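Contents: one structure, followed by commentary.
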Amino acid sequence: MATPRLLLVEHLDAVGSSLHDVRTRALVLRDLGFDVRMAALAAEGESDLQHGSHERRQTGIERFDEHGGADHVRRLAESLNAEAVVWASAAIGGGDAASALAARTPAWWWPTGWSAARAPGPLPMLAPELDPGDACVLETERPRGARLSLWDGPYALVASPLRPADAEHLFDGFARAADKRDEVDLVVLDHPEAELEALARGAGIAQRVHFVGPAPREAEWAWLQHARLAFVGLQRSLAAGLALRALALGCPVLPVGAAGEPVRAWLAARGAAWAKPDRARLAWDTVAAALARTPAVETAVARGRAAAVACTTASLAERFAPALRSVGGRRERAA
């Protein structure tokens, strides 16, 4: 009996997304007995989605622009005689980009992050009970041993772009938390913007806020490994893998703004949050605790690392098996 062929589509639609993730996801589906072919849709502003030149040189992955991407995917699936399509994206249900997939080919949505968009796409979820934070696995090629810090001195990291309102709240909280710790800087993985720089000046920390631009995956690992904590916002969709990598490296994660509530809830459910329930979402003492690595923060770090390690290829394949059973594959594994 021929091995059923499946097309895996990675929509790079979230901050922290990367072509590195396509191969890791393919391992999950191959564990279910599929012949997996890979494709990727590059969203607008791909250079801002933490891509590097090494990632663009990866072979064995068909590359398409986001515009008209579903048409390209449909034609590719037909040419490959794919029996099903799995669409990996932060956009719920695959978003608008997945709307042009052929109805005659079974297709499912694999959530890869927390979406800033509200309009859902047409695809059913592979495992409806899974949070995006539980639907990813760490890439197999991780940094080995200690890496030199990319910054001279201690720092907190803003790992994703911020809305101005969220940035104002963050800068004010950081200014209070680090008032007696002049050695701690705030590094932002985004391009400088005049409005945000003005907010930093208003908070009195302009000399301590540094915009270093989006980081490719290898640099992102290094930034997270040495940060005292990582702030994440949802100005744009956020890849769950970014939060997972931070936790795996022992970096506490603190969501910013009301849009970060899904991330906050996911962290709390896994014991990886340390803020007191009666505190504001970004209270200055919550930030101060992370900078000082209090016992509560160390407990959150340990639990977060355990949650990241638990996200394995095998466990995720087991969760996806019921949805994909009808497509074929190794029946004994899908049973």
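Just remember, in the structure tokens the first chain shown is A, the second B, etc., residues are 1-based per chain, and ligands are 1-based in the order shown.
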DSSP on the backbone, then: every residue of stretch 45-279 of chain A marked strand (DSSP E or B), written as a ChimeraX atom specification. /A:61-65,84-89,107-111,113-114,125,155-158,185-188,209-211,230-232,238-239,253-255
Would you give me, as a PyMOL selection string, the residues in stretch 128-333 of chain A that DSSP reads as alpha helix (DSSP H)? chain A and resi 164-177+194-202+217-226+240-248+261-269+284-292+295-309+313-324+331-333
Any idea what the distance is between atom CA of A:Phe171 and atom CA of A:Gly204?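 Going from atom CA of A:Phe171 over to atom CA of A:Gly204, I get 8.8 Å.
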List every residue of stretch 220-324 of chain A that has an atom at most 8 Å from any atom of stretch 79-95 of chain A, and for each one report the closest atom pair and its distance in Å to one decimal, counting only C-alpha atoms, with rows sorted by chain and then by increasing residue number, as a tab-separated table.
```
residue	atom	partner	partner_atom	distance
A:Ser237	CA	A:Ala90	CA	6.6
A:Leu238	CA	A:Ala90	CA	7.4
A:Ala239	CA	A:Ala90	CA	6.8
```
Writer output for current selection, N, CA and C atoms, as a PDB file, in the first residue's frame:
```
ATOM      1  N   SER A 237       0.410  39.167  15.018  1.00  0.00           N
ATOM      2  CA  SER A 237       0.310  37.797  15.510  1.00  0.00           C
ATOM      3  C   SER A 237       1.662  37.335  16.042  1.00  0.00           C
ATOM      4  N   LEU A 238       1.603  36.512  17.091  1.00  0.00           N
ATOM      5  CA  LEU A 238       2.817  36.054  17.781  1.00  0.00           C
ATOM      6  C   LEU A 238       2.943  34.548  17.653  1.00  0.00           C
ATOM      7  N   ALA A 239       4.069  34.078  17.149  1.00  0.00           N
ATOM      8  CA  ALA A 239       4.310  32.647  17.050  1.00  0.00           C
ATOM      9  C   ALA A 239       4.448  32.041  18.448  1.00  0.00           C
TER      10      ALA A 239
END
```
If you count only C-alpha atoms, which residues fall within 10 Å of stretch 110-115 of chain A, apart from same-chain ones fewer than 2 positions away, as a ChimeraX atom specification? /A:8-17,21,25,86-95,107-108,117-120,123-128,130-136,234-243,259-263,320
Counting only C-alpha atoms, what is within 6 Å of stretch 66-74 of chain A, bar same-chain residues fewer than 4 positions away, as a list of chain:residue names? A:Leu41, A:Ala42, A:Ala43, A:Ala97, A:Ala98, A:Ala100, A:Leu101
Store the residues picked out above in a file with N, CA and C atoms, as a PDB file, in the first residue's frame.
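Writing the result to result_28.pdb gives the following:
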```
ATOM      1  N   LEU A  41       4.363  30.084   2.701  1.00  0.00           N
ATOM      2  CA  LEU A  41       3.841  31.352   2.206  1.00  0.00           C
ATOM      3  C   LEU A  41       4.506  32.477   2.980  1.00  0.00           C
ATOM      4  N   ALA A  42       5.177  33.353   2.263  1.00  0.00           N
ATOM      5  CA  ALA A  42       5.836  34.483   2.901  1.00  0.00           C
ATOM      6  C   ALA A  42       4.863  35.636   3.006  1.00  0.00           C
ATOM      7  N   ALA A  43       4.596  36.069   4.247  1.00  0.00           N
ATOM      8  CA  ALA A  43       3.679  37.185   4.453  1.00  0.00           C
ATOM      9  C   ALA A  43       4.351  38.492   4.066  1.00  0.00           C
ATOM     10  N   ALA A  97      -6.228  33.617   3.684  1.00  0.00           N
ATOM     11  CA  ALA A  97      -5.286  33.038   2.728  1.00  0.00           C
ATOM     12  C   ALA A  97      -5.642  31.601   2.378  1.00  0.00           C
ATOM     13  N   ALA A  98      -6.324  30.896   3.267  1.00  0.00           N
ATOM     14  CA  ALA A  98      -6.661  29.492   3.019  1.00  0.00           C
ATOM     15  C   ALA A  98      -8.007  29.318   2.333  1.00  0.00           C
ATOM     16  N   ALA A 100      -9.107  29.758  -0.630  1.00  0.00           N
ATOM     17  CA  ALA A 100      -9.183  29.295  -2.012  1.00  0.00           C
ATOM     18  C   ALA A 100      -8.756  27.843  -2.184  1.00  0.00           C
ATOM     19  N   LEU A 101      -8.536  27.125  -1.100  1.00  0.00           N
ATOM     20  CA  LEU A 101      -8.177  25.717  -1.214  1.00  0.00           C
ATOM     21  C   LEU A 101      -9.342  24.924  -1.814  1.00  0.00           C
TER      22      LEU A 101
END
```
Can you pull out the residues contacting A:Val36? Cut-off 7 Å, using only C-alpha atoms, and skip same-chain residues under 5 positions away; I want them as a ChimeraX atom specification. /A:5-8,26,30
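Every protein, DNA or RNA residue with an atom at most 12 Å from A:Arg163, where only C-alpha atoms count and chain neighbours fewer than 5 positions away do not, is listed here: Ala116, Val158, Glu168, His169, Leu170, Phe171, Asp190, Glu193, Glu195, Leu196, Leu199, Val232, Gly233, Leu234, Gln235, Arg236, Val256, Gly257, Ala258, Ala259 and Gly260 of chain A.
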Keeping only N, CA and C atoms, take the residues you just selected and write them out as a compact mmCIF listing (two decimals), in the first residue's frame.
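Result file is out_24.txt:
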```txt
# COMPACT_ATOMS: atom_id res chain seq x y z
N ALA A 116 -3.55 38.13 15.93
CA ALA A 116 -4.05 39.48 16.17
C ALA A 116 -5.28 39.75 15.31
N VAL A 158 12.29 42.96 24.81
CA VAL A 158 10.97 43.08 24.19
C VAL A 158 11.05 42.27 22.90
N GLU A 168 3.83 52.38 26.17
CA GLU A 168 3.80 53.37 27.25
C GLU A 168 3.67 52.68 28.61
N HIS A 169 2.79 51.70 28.69
CA HIS A 169 2.59 50.95 29.92
C HIS A 169 3.86 50.20 30.31
N LEU A 170 4.49 49.57 29.32
CA LEU A 170 5.70 48.80 29.58
C LEU A 170 6.84 49.71 30.04
N PHE A 171 7.04 50.82 29.33
CA PHE A 171 8.14 51.73 29.69
C PHE A 171 7.96 52.28 31.09
N ASP A 190 12.91 45.27 17.41
CA ASP A 190 12.09 45.93 16.41
C ASP A 190 12.84 47.17 15.94
N GLU A 193 10.95 53.57 16.24
CA GLU A 193 9.84 54.40 15.77
C GLU A 193 9.82 55.67 16.62
N GLU A 195 7.46 57.56 17.64
CA GLU A 195 6.46 57.61 18.72
C GLU A 195 6.92 56.80 19.93
N LEU A 196 7.49 55.65 19.71
CA LEU A 196 7.96 54.83 20.82
C LEU A 196 9.17 55.45 21.50
N LEU A 199 7.93 58.04 23.79
CA LEU A 199 7.37 57.44 25.00
C LEU A 199 8.48 57.03 25.97
N VAL A 232 6.28 40.11 25.59
CA VAL A 232 5.69 39.84 24.27
C VAL A 232 4.37 40.59 24.16
N GLY A 233 4.14 41.16 22.99
CA GLY A 233 2.89 41.86 22.72
C GLY A 233 2.23 41.29 21.48
N LEU A 234 1.01 41.70 21.22
CA LEU A 234 0.29 41.21 20.05
C LEU A 234 -0.12 42.37 19.15
N GLN A 235 0.83 43.26 18.86
CA GLN A 235 0.56 44.24 17.83
C GLN A 235 0.32 43.50 16.51
N ARG A 236 1.11 42.45 16.31
CA ARG A 236 0.91 41.51 15.22
C ARG A 236 0.84 40.12 15.82
N VAL A 256 2.18 41.64 27.34
CA VAL A 256 1.90 43.07 27.51
C VAL A 256 0.57 43.40 26.87
N GLY A 257 -0.27 44.15 27.56
CA GLY A 257 -1.51 44.65 26.98
C GLY A 257 -2.65 43.64 27.03
N ALA A 258 -3.86 44.16 26.81
CA ALA A 258 -5.06 43.32 26.86
C ALA A 258 -5.04 42.24 25.79
N ALA A 259 -4.43 42.53 24.63
CA ALA A 259 -4.40 41.55 23.55
C ALA A 259 -3.57 40.33 23.93
N GLY A 260 -2.70 40.48 24.92
CA GLY A 260 -1.86 39.36 25.35
C GLY A 260 -2.54 38.41 26.31
```
With a distance cut-off of 12 Å and only C-alpha atoms, select the neighbouring residues of A:Lys180, excluding the residue or stretch itself and same-chain residues fewer than 3 positions from it, and output the selection as a PyMOL selection string. chain A and resi 174-177+183-184+288+291-292
Suppose we keep N, CA, C and O atoms; can you now write the selection as a CSV table (one decimal), in the first residue's frame?
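New file selection-v2.csv:
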```
chain,number,residue,atom,x,y,z
A,174,PHE,N,8.7,49.4,33.5
A,174,PHE,CA,10.1,49.1,33.6
A,174,PHE,C,10.9,50.2,34.3
A,174,PHE,O,11.8,49.9,35.1
A,175,ALA,N,10.5,51.5,34.1
A,175,ALA,CA,11.2,52.6,34.8
A,175,ALA,C,11.1,52.5,36.3
A,175,ALA,O,12.0,52.7,37.0
A,176,ARG,N,9.9,52.1,36.8
A,176,ARG,CA,9.7,51.9,38.2
A,176,ARG,C,10.5,50.7,38.7
A,176,ARG,O,11.1,50.7,39.8
A,177,ALA,N,10.4,49.6,38.0
A,177,ALA,CA,11.0,48.3,38.4
A,177,ALA,C,12.5,48.4,38.5
A,177,ALA,O,13.1,47.8,39.4
A,183,GLU,N,21.9,49.5,35.8
A,183,GLU,CA,22.7,48.6,34.9
A,183,GLU,C,21.8,47.8,34.0
A,183,GLU,O,22.4,47.3,33.0
A,184,VAL,N,20.5,47.8,34.2
A,184,VAL,CA,19.6,47.0,33.4
A,184,VAL,C,19.1,47.8,32.2
A,184,VAL,O,18.5,48.9,32.4
A,288,ALA,N,9.8,43.9,38.5
A,288,ALA,CA,10.9,43.9,39.4
A,288,ALA,C,11.2,42.5,39.9
A,288,ALA,O,12.4,42.1,40.1
A,291,LEU,N,13.3,40.8,37.3
A,291,LEU,CA,14.7,41.3,37.2
A,291,LEU,C,15.5,40.7,38.4
A,291,LEU,O,16.7,40.4,38.2
A,292,ALA,N,14.9,40.5,39.5
A,292,ALA,CA,15.6,40.1,40.7
A,292,ALA,C,15.6,38.5,40.8
A,292,ALA,O,16.3,38.0,41.7
```
Tell me, in Å to one decimal, how far atom CA of A:Cys311 is from atom CA of A:Leu247.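 The value is 11.6 Å.
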Among A:Thr286, A:Pro4, A:Thr313, A:Thr105, A:Arg23 is approached most closely, using only C-alpha atoms, by A:Thr313
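We find atom CA of A:Arg245 and atom CA of A:Leu138 to be spaced 6.8 Å apart.
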